[in-house]
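Everything below concerns the one structure shown next.
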Amino acid sequence: MTTLGLPKFVDVLVPVALDHTYSYRVPRGLELKPGDIVAVPLGARQAIGVVWADDVTIKPGLHNRMKDVELKLDYPPLKPELRKFVDWISEYTLSPRGMVLRMCLRMGELGPARERVGVRLAGPPPKRMTSARARVLQLLADGMVRAKSEAAHEAGVSAGVINGLIDEGALETVVLPPEPVARNPDPDHDVPEFTDAQRAAADTLRMTVEKGGFSVTLVDGVTGSGKTEVYFEAVAEAIRKKKQVLILMPEIALTAQFLDRFAERFGVRPAEWHSEIAPRKRARTWAAVAANEVSVVVGARSALFLPYADLGLIVVDEEHDPAYKQEDGVRYHARDMAVVRARETKIPIVLASATPSVETVVNAKRGRYAHLHLPERFGGQHLPSVEAIDLRREGPARGRFISPRLAEAVKIALERGEQALLFLNRRGFAPLTLCNACGHRMACPNCDAWLVDHRFKRRLVCHHCGCSMPPPEQCPKCEAKGSFVAVGPGVERLEQEAAELFPGARILVLSSDLVDTMERLRQELDDVAQGRFDIVVGTQLVAKGHHFPKLNLVGIVDADLGLANGDPRAAERTFQLLHQVVGRAGREEGRGYGYLQTHQPEHPVMRALIAQDREAFYAAEIEVREKSGYPPFGRLASLLISGADKHATEAYARQIAAVSPIHAEVRVLGPAEAPLAVVRGRYRFRLLVKSPRGFDLSAYLREWLAAVPKAKGTLKLEVDVDPQSFF
């Protein structure tokens, strides 16, 4: 199309680390509008991009210098609310728009779908008949078409038997339609029986979805209270309205049992979206979501950027979980951005947690979020009783880490035929390897961190850069042989101690570094649920989202571990983690018990856990945050400066600090060495920016960065708005 003989131009955003669009000429006969996905030349290569604006005005002298859009791709266009969402995240996080767009275009290579071949009866029986062939012919006598693999499986024969019958003309092949990414869920498949409190919460959510429009609802219930079943009623209502639903999960590991529960409720499994999906399945899922062929998506944080055709509800499960924060690339918090996407799309969002974040609790208390509380466990089960074991008075023997009282409690649980969980949020065998002769500590050559002894793998490993080496036969400093000792416990060492204390017990270690594949993890979690292990020794991998019917005892081996750093959220995260871990106990039969091994039973976190007084903890934590001006009562941003040379990195950090805009409401702290001063051979200095809650911190940072001198050599500046980690 042209106007008065002039060519038409469009602005295209491409998924590269740039904030601006490129203008392209539209070839004659090609109709383009905002949201269309196109192929365009970018330098010497072809790139996929999205039309961000049409009817773009170009100076006449530049007309002939503009490159043409090469073609419009056969994908549904990105909807206006998704494009607005991309702009919003870019503006808020100070990330290039192209990098945010990249997260929306992870559709992979679609290409032609692999043909599915079915078989059916076609001609007379073969001259040579065998029992295997007879079974196949009997199976297909009903005239139905079955996939070749399905027919072979049902008849109990090999694929060769099927192929032989095809060759002889007894069967014929039929091309089957592609297998759908996910079948349509039935909202009325298996509606559970609810308690009065659950019914009231479910009805409220159902009415919220029926009404439509933007709203945020917190479903806040004790562990085992049936939060999932309650918000499933909101999902069911969205399905009845023919709307799409996104359910965000913090970790892929949580999805196995969840998918089973979803299938029990709705008759089929939902579509999945996470990093473990095979590329072809990913491409088909992306296209099916965009074409409105998928009703429900369960996924990790990246599922937030899928191009939903008609999104009607978002659910954020375990909304407090730190895993929702993306710590590299575009640094965003999926829970907060899910609220933004719901607002832009004008739909309801549900946040669910047994231990909501302080930010969410404050929003609920101030009426910004609706609040549904489930105070009792499903089926009338009691919450576990919690006791502290004061390690200052009744600690374990030297070289041991399980106290006598905890060991006795585990022994009693095993005698009852119940399971026990020993929790320690530390991977490997020991966090430190020390030379007994000279005191030399095995440190990472690339990071300011000790190497962790992984006895199962026979390696010393850095958990920050991945550096790995076999344990040395002699000390590199004093050359003493056989002098290294393990200092402190990890889950592997705990497993060794448990095996000595409880001979004959079936013990499983659940830790992320021991999981080769997601299938193995799902199998191990199922083995625990089926009672095939007596003792589970685990890290935070077992802390949440899992249901183990026979688990009635939880022992926290080092309850103080998360409190030993300067993170402003240390108390909150420790409370949430330990509350969730203890909440695994006593969910189905019998009474649950939790034991906290601690050196500081008087700490507010420990007192709240023992008294099961969650409200007291939140009240105290909110008071501290309000007095100090920390989130949610103030805002933070982190500027991390890194480089290969320590002095050059520190000097650049000081240059950056020197050009910070002066503002009465803003405090700029630092630069100071980061708590982890060296990672992957790069020295790290941090600036922390603190402002009031209502202050436009993104605009302030943008003004500041415009004045920052350009980084040279290996120097790098990373900005994190609303940081969750301070290492």
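Chains: A, B, ... in order of the structure tokens. Residues: from 1 per chain. Ligands: from 1, in order shown.
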
If DSSP is run on the backbone, what residues of stretch 209-280 of chain A are strand (DSSP E)? A reply as a count of residues only would be ideal.
15

Might you pull out every residue within 8 Å of stretch 394-411 of chain A, with only C-alpha atoms counted and same-chain residues fewer than 4 positions away left off, and present them as a list in words?
->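 Selected residues are Ile389, Asp390, Glu415, Ala420, Pro489, Leu494, Glu497, Leu501, Phe502, Leu553, Gly555, Val557, Tyr595 and Gln597 of chain A.
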
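Residues within 12 Å of A:Asp186, counting only C-alpha atoms and excluding same-chain residues fewer than 6 positions away, are A:Phe232, A:Glu233, A:Val235, A:Ala236, A:Glu237, A:Ala238, A:Ile239, A:Arg240, A:Lys242, A:Phe262, A:Ala263, A:Glu264, A:Arg265, A:Phe266, A:Gly267, A:Val268, A:Arg269, A:Pro270, A:Ser295, A:Val296.
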
Restricted to N, CA and C atoms, what would the selected residues look like written as a PDB file, in the first residue's frame?
```pdb
ATOM      1  N   PHE A 232      -8.393 -24.152  42.256  1.00  0.00           N
ATOM      2  CA  PHE A 232      -8.845 -24.921  41.090  1.00  0.00           C
ATOM      3  C   PHE A 232     -10.284 -24.550  40.702  1.00  0.00           C
ATOM      4  N   GLU A 233     -11.084 -24.101  41.672  1.00  0.00           N
ATOM      5  CA  GLU A 233     -12.461 -23.703  41.348  1.00  0.00           C
ATOM      6  C   GLU A 233     -12.475 -22.421  40.515  1.00  0.00           C
ATOM      7  N   VAL A 235     -10.015 -21.758  38.419  1.00  0.00           N
ATOM      8  CA  VAL A 235      -9.576 -22.284  37.127  1.00  0.00           C
ATOM      9  C   VAL A 235     -10.768 -22.889  36.386  1.00  0.00           C
ATOM     10  N   ALA A 236     -11.591 -23.668  37.105  1.00  0.00           N
ATOM     11  CA  ALA A 236     -12.755 -24.309  36.489  1.00  0.00           C
ATOM     12  C   ALA A 236     -13.712 -23.268  35.906  1.00  0.00           C
ATOM     13  N   GLU A 237     -13.911 -22.173  36.635  1.00  0.00           N
ATOM     14  CA  GLU A 237     -14.819 -21.133  36.152  1.00  0.00           C
ATOM     15  C   GLU A 237     -14.270 -20.465  34.892  1.00  0.00           C
ATOM     16  N   ALA A 238     -12.949 -20.246  34.854  1.00  0.00           N
ATOM     17  CA  ALA A 238     -12.338 -19.656  33.654  1.00  0.00           C
ATOM     18  C   ALA A 238     -12.488 -20.596  32.461  1.00  0.00           C
ATOM     19  N   ILE A 239     -12.339 -21.911  32.702  1.00  0.00           N
ATOM     20  CA  ILE A 239     -12.505 -22.887  31.615  1.00  0.00           C
ATOM     21  C   ILE A 239     -13.947 -22.849  31.101  1.00  0.00           C
ATOM     22  N   ARG A 240     -14.906 -22.745  32.015  1.00  0.00           N
ATOM     23  CA  ARG A 240     -16.319 -22.672  31.598  1.00  0.00           C
ATOM     24  C   ARG A 240     -16.560 -21.442  30.719  1.00  0.00           C
ATOM     25  N   LYS A 242     -14.526 -20.330  28.645  1.00  0.00           N
ATOM     26  CA  LYS A 242     -13.693 -20.482  27.434  1.00  0.00           C
ATOM     27  C   LYS A 242     -12.488 -19.547  27.457  1.00  0.00           C
ATOM     28  N   PHE A 262      -3.904 -31.982  39.131  1.00  0.00           N
ATOM     29  CA  PHE A 262      -4.698 -31.298  38.107  1.00  0.00           C
ATOM     30  C   PHE A 262      -5.501 -32.325  37.301  1.00  0.00           C
ATOM     31  N   ALA A 263      -4.834 -33.429  36.920  1.00  0.00           N
ATOM     32  CA  ALA A 263      -5.510 -34.457  36.124  1.00  0.00           C
ATOM     33  C   ALA A 263      -6.640 -35.107  36.908  1.00  0.00           C
ATOM     34  N   GLU A 264      -6.450 -35.307  38.220  1.00  0.00           N
ATOM     35  CA  GLU A 264      -7.527 -35.867  39.043  1.00  0.00           C
ATOM     36  C   GLU A 264      -8.745 -34.941  39.053  1.00  0.00           C
ATOM     37  N   ARG A 265      -8.486 -33.643  39.116  1.00  0.00           N
ATOM     38  CA  ARG A 265      -9.588 -32.676  39.201  1.00  0.00           C
ATOM     39  C   ARG A 265     -10.256 -32.442  37.845  1.00  0.00           C
ATOM     40  N   PHE A 266      -9.451 -32.362  36.759  1.00  0.00           N
ATOM     41  CA  PHE A 266      -9.997 -31.940  35.460  1.00  0.00           C
ATOM     42  C   PHE A 266      -9.991 -33.035  34.392  1.00  0.00           C
ATOM     43  N   GLY A 267      -9.493 -34.222  34.734  1.00  0.00           N
ATOM     44  CA  GLY A 267      -9.555 -35.338  33.794  1.00  0.00           C
ATOM     45  C   GLY A 267      -8.401 -35.439  32.823  1.00  0.00           C
ATOM     46  N   VAL A 268      -7.656 -34.367  32.622  1.00  0.00           N
ATOM     47  CA  VAL A 268      -6.510 -34.363  31.700  1.00  0.00           C
ATOM     48  C   VAL A 268      -5.402 -33.496  32.295  1.00  0.00           C
ATOM     49  N   ARG A 269      -4.207 -33.660  31.760  1.00  0.00           N
ATOM     50  CA  ARG A 269      -3.092 -32.816  32.197  1.00  0.00           C
ATOM     51  C   ARG A 269      -3.095 -31.498  31.421  1.00  0.00           C
ATOM     52  N   PRO A 270      -2.609 -30.422  32.011  1.00  0.00           N
ATOM     53  CA  PRO A 270      -2.501 -29.155  31.283  1.00  0.00           C
ATOM     54  C   PRO A 270      -1.272 -29.146  30.395  1.00  0.00           C
ATOM     55  N   SER A 295      -6.101 -24.587  26.877  1.00  0.00           N
ATOM     56  CA  SER A 295      -6.900 -23.908  27.898  1.00  0.00           C
ATOM     57  C   SER A 295      -6.076 -23.489  29.109  1.00  0.00           C
ATOM     58  N   VAL A 296      -5.198 -24.403  29.579  1.00  0.00           N
ATOM     59  CA  VAL A 296      -4.452 -24.151  30.817  1.00  0.00           C
ATOM     60  C   VAL A 296      -2.973 -24.433  30.588  1.00  0.00           C
TER      61      VAL A 296
END
```

Discussion item. Env of stretch 380-384 of chain A: 10 Å cut, atoms = only C-alpha atoms, seq-sep filter 2 positions within chain, self excluded. Answer as a PyMOL selection string.
Written reply: chain A and resi 195+222-225+376-378+386-387+552-554+582-595+612

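Interatomic distance, atom CA of A:Gly98 to atom CA of A:Asp11: 12.8 Å.
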
Discussion item. According to DSSP computed on the backbone, where in stretch 494-585 of chain A is there alpha helix (DSSP H)? Give the residues as a ChimeraX atom specification.
Written reply: /A:494-501,518-529,570-582

Exercise. Hey, can you check how far atom CA of A:Ala182 sits from atom CA of A:Leu78?
Worked result: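 One can read the atom CA of A:Ala182 to atom CA of A:Leu78 distance as 21.9 Å.
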
Query raised in the report: Skipping near chain neighbours, those fewer than 3 positions away, what residues fall within 9 Å of A:His464 using only C-alpha atoms, listed as a list in words?
Result: Cys447, Ala449, Val461, Cys467, Val679 and Arg680 of chain A

### Query
From the list A:Trp273, A:Trp450, A:Phe423, A:Phe484, which residue is nearest A:Val509 when using only C-alpha atoms?
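Of the candidates, the smallest distance to A:Val509 is held by A:Phe423.
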
Quiz item: What's the 10 Å shell around A:Pro631, counting only C-alpha atoms, without same-chain residues fewer than 3 positions away, as a VMD selection string?
Solution: chain A and resid 358 to 359 568 to 569 622 625 to 626 628 634 to 636 690 to 693 722

Of A:Gln655, A:Asn184, A:Asn446, A:Thr204, the one nearest to A:Arg682 when counting only C-alpha atoms is A:Asn446

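With only C-alpha atoms as the atoms that count, the minimum distance from A:Arg146 to the choices A:Val69, A:Glu168, A:Gly118, A:Cys104 is reached by A:Gly118.
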